[in-house]
Amino acid sequence: MENIYLALVIVLFILAISDLVVGVSNDAVNFLNSAIGAKAAPFWIIMAIAGLGVLFGATFSSGMMEIARSGIFHPDKFYFSEIMLIFLAVMITDVILLDTFNTFGLPTSTTVSIVFELLGASVAIAMMKLYESDSGLSMGDYINTSKALAIISGILLSVVIAFSVGALIQFFTRWLFSFRFEKRMRYFGALYGGFAITAIIYFMLIKGVKGASFITDDVGTWIKSNSFLIIMVSFVSFTALLQLFNWLFKLNILKTVVLAGTFALAMAFAGNDLVNFIGVPLAGFESFKTLINNPGADPDFLLMSSLKGKVQTPTLFLLLAGLVMVVTLFTSRKAKSVVKTTIDLSRQDEGDERFSSSQLSRTIVRMTIKLSERLSSIIPDRLKNNIDKQFALVSHDKNEKDYPAFDMLRASVNLVVASILIALGTSLKLPLSTTYVTFMVAMGTSLSDRAWDRESAVYRVTGVFSVIGGWFFTALSAFTVAFLIALFFYFGNMYAIGIMVLISIYLVYRTHKIHTSREASKAESTKELEQINNENILEQCSLSVNNIMHQTQLEYKKTIAALSDFDVKALKKIAKTTEKIEKDAKHKKNSVTIIIAKLKEDALESGHYYVQVLDYLREILHSLNFIVNPVYTHISNNHKEFSKAQLSELKILSQHLGNFFTHITSDIKDGNFSNQENISAEQQKFLNLIDLFRKNEVKRIKKEAGSTRNSLLFMTILQETKNLGLFSFNLYKSQRDFMLYHTEKNNKA
């Protein structure tokens, strides 16, 4: 029996390693977004500083052991076998949940996830205990519900306070220094840097060092009682040192502040947040040691009262956890995706917005604009002009590849404000989440910096609400999934545990494949756009046209074949492929301003033709979608099959369309448009064929020979196929004009 439970403890530690990997991939956004967004240093230096912070912070221990052992439930009311089921359910849920968030690039709170997983799993086991016994106990005797309520209040408190304070501090900081802050930094930079680093030091003392295993109680008491003295000495010392180094070595004060803040937040993250993921396995290990120390004890009747006491986390476990975190930090692609979400939502310039608009975001933006206009009418013109002058952006080349998403002044405010708020919340024993504070501060500062202008505001607001909604979804899904898995374990015992371990491995593998595929697609699309310049724009455009035309022809042919075979699986796959092709074309169209901006003045006509070609490609793909999706819906709903006459006509159309597309792509590929008359005649023949088939269908309707739904869908396919023919020939002519323009231009040169 002991061997079985030893195996479960080993499984817990294996899950802990997986949990550390997915956890650091998500929480990396807390300490990386400001330094990476402002490009405060080369990427490897930022990662090295963050890695040192993580490794240093991992040697600290805080209250997670108590949360895992007794913070959410009362262990003295549970038996050893029940505790192990709770811990296994928690770890499996956490790995699956956090990996899912990482796959979609959404930051969430690892603390909230672990707390609500503990709550869900313990509620499930407690519910079964109450159902099967007459002990007279209630759910309140098993569960510490006040902790969950404190976390929920912490979510709301973090969101409102962090966003408001971040926006307010950034407004006054920007008003004082402006976007041209270099000159004023020479005079006031040391004071600003001294204050910022002092705040960071205070944050490290309050949030981090107080839990270090090597800090004695006496030292901790001295730090607490002399906090004001430490703050004043730090401020004076750092101000003087920064001013001296600035004079002697031209030290960049803002860069120093940003890198110091990155180290501090990374340290706090490892010491206070990621220790969450070794807390549960270590609690399981402590439970197993209790079983071993009670020879002959029945696991089903051994109460876990021993978990109520405090236990110092072994330094070796913390160091090993720190090493796993550092390795993950340097290797995780998903960490980069989560960081990118925050940076994209806070970058100064508009661009390819990841999130679409929503009714809520549009309403909020509209109300904000009206409120801003009213406030603007009240503010004196002189003050308003002064503010506008201070908030005037520094012009730059928006296509510059290495240009930062925002400047280091805002990055320093992000880190300092987040540090102060987290330190303040900790000292007041408020359950503020590091993730919530850092994210919402970044959103608040970007709002004050006027990064959310009328071109991007609705998308940024939607993005923020999506992330916040994900936080609440974390709590709900963590509780629900852990609850269900714990029940599954309760009834299925070892078989259920084995099944869930295999399922979790499969799900992590699947999300890894999805993320890798998505990132590869994005990288390929970005690389394609970056390669376009004055010299190769015609060639790149021709390649895109031929590729999309070939895919359109192929998916159309597959659609007609699947309709004939009544193959719903094939149509589902076709619908997904078509959607992906259309998204790629949309990305190209949304990036058209970037391409045009890259072109020289004498090549602007090329930009015109490029836009025209993209428009026709989008129309072609719209028509394809308007064929594929109705056909997929028709088959999915199990409506009547098409008649032999209808299918025969559609197959003829498919063949003619394929030949038509082949001739067009062949000419475009060869750059030879001498066959235009033949292709025009082929198009007319194709259109006449569609008209004939439409008349045939009208005759069939008159004879009531078919289904109404079939007839409507058949007519839709005919119309959209006609559009494919029209748009593709217009695309052909547009590509011809594009080539003639380039030929004429080269001859003149």
# chains A, B, ... in the order shown; residues from 1 in each chain; ligands from 1
call {"tool": "residues_around", "arguments": {"residues": "Ala478 of chain A", "least_positions_apart": "3", "cutoff": "6 Å", "atoms": "only C-alpha atoms", "output": "list of chain:residue names"}}
result
A:Ser113, A:Phe116, A:Glu117, A:Thr474, A:Ala475, A:Val481, A:Ala482
call {"tool": "write_last_selection", "arguments": {"atoms": "all heavy atoms", "output": "CSV table (one decimal), in the first residue's frame"}}
result
chain,number,residue,atom,x,y,z
A,113,SER,N,-5.6,30.5,-9.4
A,113,SER,CA,-5.9,29.2,-9.9
A,113,SER,C,-5.6,28.1,-8.9
A,113,SER,O,-6.5,27.2,-8.7
A,113,SER,CB,-5.0,28.9,-11.2
A,113,SER,OG,-3.6,28.9,-10.8
A,116,PHE,N,-8.4,28.3,-5.9
A,116,PHE,CA,-9.7,27.8,-6.3
A,116,PHE,C,-9.7,26.3,-6.7
A,116,PHE,O,-10.7,25.6,-6.6
A,116,PHE,CB,-10.3,28.6,-7.4
A,116,PHE,CG,-11.0,29.9,-6.9
A,116,PHE,CD1,-10.3,31.0,-6.7
A,116,PHE,CD2,-12.3,29.8,-6.5
A,116,PHE,CE1,-10.9,32.1,-6.2
A,116,PHE,CE2,-12.9,31.0,-6.0
A,116,PHE,CZ,-12.2,32.1,-5.8
A,117,GLU,N,-8.6,25.8,-7.1
A,117,GLU,CA,-8.4,24.3,-7.4
A,117,GLU,C,-8.5,23.6,-6.0
A,117,GLU,O,-9.1,22.6,-5.9
A,117,GLU,CB,-7.1,24.0,-8.1
A,117,GLU,CG,-7.2,24.4,-9.6
A,117,GLU,CD,-5.9,24.7,-10.2
A,117,GLU,OE1,-4.9,24.6,-9.5
A,117,GLU,OE2,-5.9,25.2,-11.4
A,474,THR,N,-10.8,32.0,-14.7
A,474,THR,CA,-9.8,31.1,-14.0
A,474,THR,C,-10.4,30.6,-12.7
A,474,THR,O,-10.3,29.4,-12.5
A,474,THR,CB,-8.5,31.9,-13.7
A,474,THR,OG1,-7.9,32.4,-14.9
A,474,THR,CG2,-7.5,31.1,-13.0
A,475,ALA,N,-11.0,31.4,-11.9
A,475,ALA,CA,-11.5,31.0,-10.7
A,475,ALA,C,-12.6,30.0,-10.8
A,475,ALA,O,-12.6,28.9,-10.2
A,475,ALA,CB,-12.0,32.2,-9.9
A,481,VAL,N,-13.4,22.3,-12.6
A,481,VAL,CA,-12.6,21.2,-13.1
A,481,VAL,C,-12.0,20.4,-11.9
A,481,VAL,O,-12.0,19.1,-11.9
A,481,VAL,CB,-11.5,21.7,-14.0
A,481,VAL,CG1,-10.6,20.5,-14.5
A,481,VAL,CG2,-12.1,22.4,-15.3
A,482,ALA,N,-11.4,21.1,-10.9
A,482,ALA,CA,-10.8,20.3,-9.8
A,482,ALA,C,-11.9,19.6,-9.0
A,482,ALA,O,-11.7,18.5,-8.6
A,482,ALA,CB,-10.1,21.3,-8.9
call {"tool": "atom_distance", "arguments": {"atom1": "atom CA of Val339 of chain A", "atom2": "atom CA of Asn33 of chain A"}}
result
5.7 Å
call {"tool": "closest_residue", "arguments": {"among": "A:Val95, A:Glu697, A:Met440, A:Ser419", "to": "Phe269 of chain A", "atoms": "only C-alpha atoms"}}
result
A:Ser419
call {"tool": "residues_around", "arguments": {"residues": "Glu539 of chain A", "least_positions_apart": "6", "cutoff": "10 Å", "atoms": "only C-alpha atoms", "output": "JSON, numbers by chain"}}
result
{"A": [532, 545, 668, 669, 671, 739]}
call {"tool": "atom_distance", "arguments": {"atom1": "atom CA of Ser433 of chain A", "atom2": "atom CA of Phe406 of chain A"}}
result
24.1 Å
call {"tool": "residues_around", "arguments": {"residues": "Ser504 of chain A", "least_positions_apart": "2", "cutoff": "9 Å", "atoms": "only C-alpha atoms", "output": "PDB file with N, CA, C and O atoms, in the first residue's frame"}}
result
ATOM      1  N   ILE A  92      -3.204  18.269 -11.423  1.00  0.00           N
ATOM      2  CA  ILE A  92      -3.595  17.965 -12.806  1.00  0.00           C
ATOM      3  C   ILE A  92      -4.411  19.116 -13.388  1.00  0.00           C
ATOM      4  O   ILE A  92      -4.191  19.545 -14.532  1.00  0.00           O
ATOM      5  N   THR A  93      -5.336  19.654 -12.613  1.00  0.00           N
ATOM      6  CA  THR A  93      -6.143  20.782 -13.075  1.00  0.00           C
ATOM      7  C   THR A  93      -5.271  21.990 -13.382  1.00  0.00           C
ATOM      8  O   THR A  93      -5.457  22.680 -14.397  1.00  0.00           O
ATOM      9  N   VAL A  95      -2.068  22.201 -14.206  1.00  0.00           N
ATOM     10  CA  VAL A  95      -1.264  22.034 -15.423  1.00  0.00           C
ATOM     11  C   VAL A  95      -2.120  22.271 -16.663  1.00  0.00           C
ATOM     12  O   VAL A  95      -1.734  23.013 -17.578  1.00  0.00           O
ATOM     13  N   ILE A  96      -3.291  21.655 -16.709  1.00  0.00           N
ATOM     14  CA  ILE A  96      -4.174  21.783 -17.878  1.00  0.00           C
ATOM     15  C   ILE A  96      -4.646  23.228 -18.039  1.00  0.00           C
ATOM     16  O   ILE A  96      -4.604  23.798 -19.140  1.00  0.00           O
ATOM     17  N   ILE A 499      -5.934   7.381 -15.733  1.00  0.00           N
ATOM     18  CA  ILE A 499      -6.609   7.933 -16.914  1.00  0.00           C
ATOM     19  C   ILE A 499      -6.386   9.444 -17.004  1.00  0.00           C
ATOM     20  O   ILE A 499      -6.064   9.989 -18.066  1.00  0.00           O
ATOM     21  N   MET A 500      -6.521  10.164 -15.875  1.00  0.00           N
ATOM     22  CA  MET A 500      -6.381  11.621 -15.884  1.00  0.00           C
ATOM     23  C   MET A 500      -4.946  12.058 -16.149  1.00  0.00           C
ATOM     24  O   MET A 500      -4.714  13.086 -16.809  1.00  0.00           O
ATOM     25  N   VAL A 501      -3.982  11.306 -15.663  1.00  0.00           N
ATOM     26  CA  VAL A 501      -2.577  11.629 -15.957  1.00  0.00           C
ATOM     27  C   VAL A 501      -2.324  11.525 -17.456  1.00  0.00           C
ATOM     28  O   VAL A 501      -1.693  12.399 -18.064  1.00  0.00           O
ATOM     29  N   LEU A 502      -2.848  10.461 -18.083  1.00  0.00           N
ATOM     30  CA  LEU A 502      -2.686  10.285 -19.526  1.00  0.00           C
ATOM     31  C   LEU A 502      -3.408  11.389 -20.302  1.00  0.00           C
ATOM     32  O   LEU A 502      -2.879  11.918 -21.289  1.00  0.00           O
ATOM     33  N   TYR A 506      -1.792  14.213 -22.826  1.00  0.00           N
ATOM     34  CA  TYR A 506      -2.292  14.393 -24.194  1.00  0.00           C
ATOM     35  C   TYR A 506      -2.715  15.842 -24.442  1.00  0.00           C
ATOM     36  O   TYR A 506      -2.386  16.422 -25.497  1.00  0.00           O
ATOM     37  N   LEU A 507      -3.415  16.455 -23.478  1.00  0.00           N
ATOM     38  CA  LEU A 507      -3.892  17.833 -23.647  1.00  0.00           C
ATOM     39  C   LEU A 507      -2.735  18.821 -23.739  1.00  0.00           C
ATOM     40  O   LEU A 507      -2.755  19.753 -24.560  1.00  0.00           O
ATOM     41  N   VAL A 508      -1.719  18.621 -22.905  1.00  0.00           N
ATOM     42  CA  VAL A 508      -0.540  19.500 -22.966  1.00  0.00           C
ATOM     43  C   VAL A 508       0.159  19.343 -24.316  1.00  0.00           C
ATOM     44  O   VAL A 508       0.600  20.332 -24.925  1.00  0.00           O
ATOM     45  N   TYR A 509       0.251  18.102 -24.789  1.00  0.00           N
ATOM     46  CA  TYR A 509       0.865  17.856 -26.101  1.00  0.00           C
ATOM     47  C   TYR A 509       0.059  18.534 -27.206  1.00  0.00           C
ATOM     48  O   TYR A 509       0.635  19.178 -28.099  1.00  0.00           O
TER      49      TYR A 509
END
call {"tool": "select_by_dssp", "arguments": {"residues": "segment 248-316 of chain A", "states": "alpha helix (DSSP H)", "output": "VMD selection string"}}
result
chain A and resid 248 to 249 253 to 268 276 to 292 315 to 316
call {"tool": "closest_residue", "arguments": {"among": "A:Lys588, A:Ala264, A:Asn144, A:Phe288", "to": "Val9 of chain A", "atoms": "only C-alpha atoms"}}
result
A:Phe288
call {"tool": "closest_residue", "arguments": {"among": "A:Ile230, A:Val613, A:Ile717, A:Ile701", "to": "Leu731 of chain A", "atoms": "only C-alpha atoms"}}
result
A:Val613
call {"tool": "residues_around", "arguments": {"residues": "Asn3 of chain A", "least_positions_apart": "4", "cutoff": "12 Å", "atoms": "only C-alpha atoms", "output": "PyMOL selection string"}}
result
chain A and resi 7-10+288+291-292
call {"tool": "atom_distance", "arguments": {"atom1": "atom CA of Lys644 of chain A", "atom2": "atom CA of Ser711 of chain A"}}
result
13.0 Å
call {"tool": "closest_residue", "arguments": {"among": "A:His639, A:Tyr436, A:Val219, A:Asn629", "to": "Leu157 of chain A", "atoms": "only C-alpha atoms"}}
result
A:Tyr436
call {"tool": "residues_around", "arguments": {"residues": "segment 654-656 of chain A", "least_positions_apart": "6", "cutoff": "12 Å", "atoms": "only C-alpha atoms", "output": "ChimeraX atom specification"}}
result
/A:552-561,647-648,662-663,679,682-690,717-718,721-722,724-725
call {"tool": "residues_around", "arguments": {"residues": "Val394 of chain A", "least_positions_apart": "6", "cutoff": "12 Å", "atoms": "only C-alpha atoms", "output": "NGL selection string"}}
result
:A and (178-182 or 348-349 or 406-407)
call {"tool": "closest_residue", "arguments": {"among": "A:Ser34, A:Thr516, A:Asn385, A:Ser81", "to": "Leu254 of chain A", "atoms": "only C-alpha atoms"}}
result
A:Ser34
call {"tool": "closest_residue", "arguments": {"among": "A:Phe263, A:Gly425, A:Asp298, A:Val458", "to": "Ser357 of chain A", "atoms": "only C-alpha atoms"}}
result
A:Val458
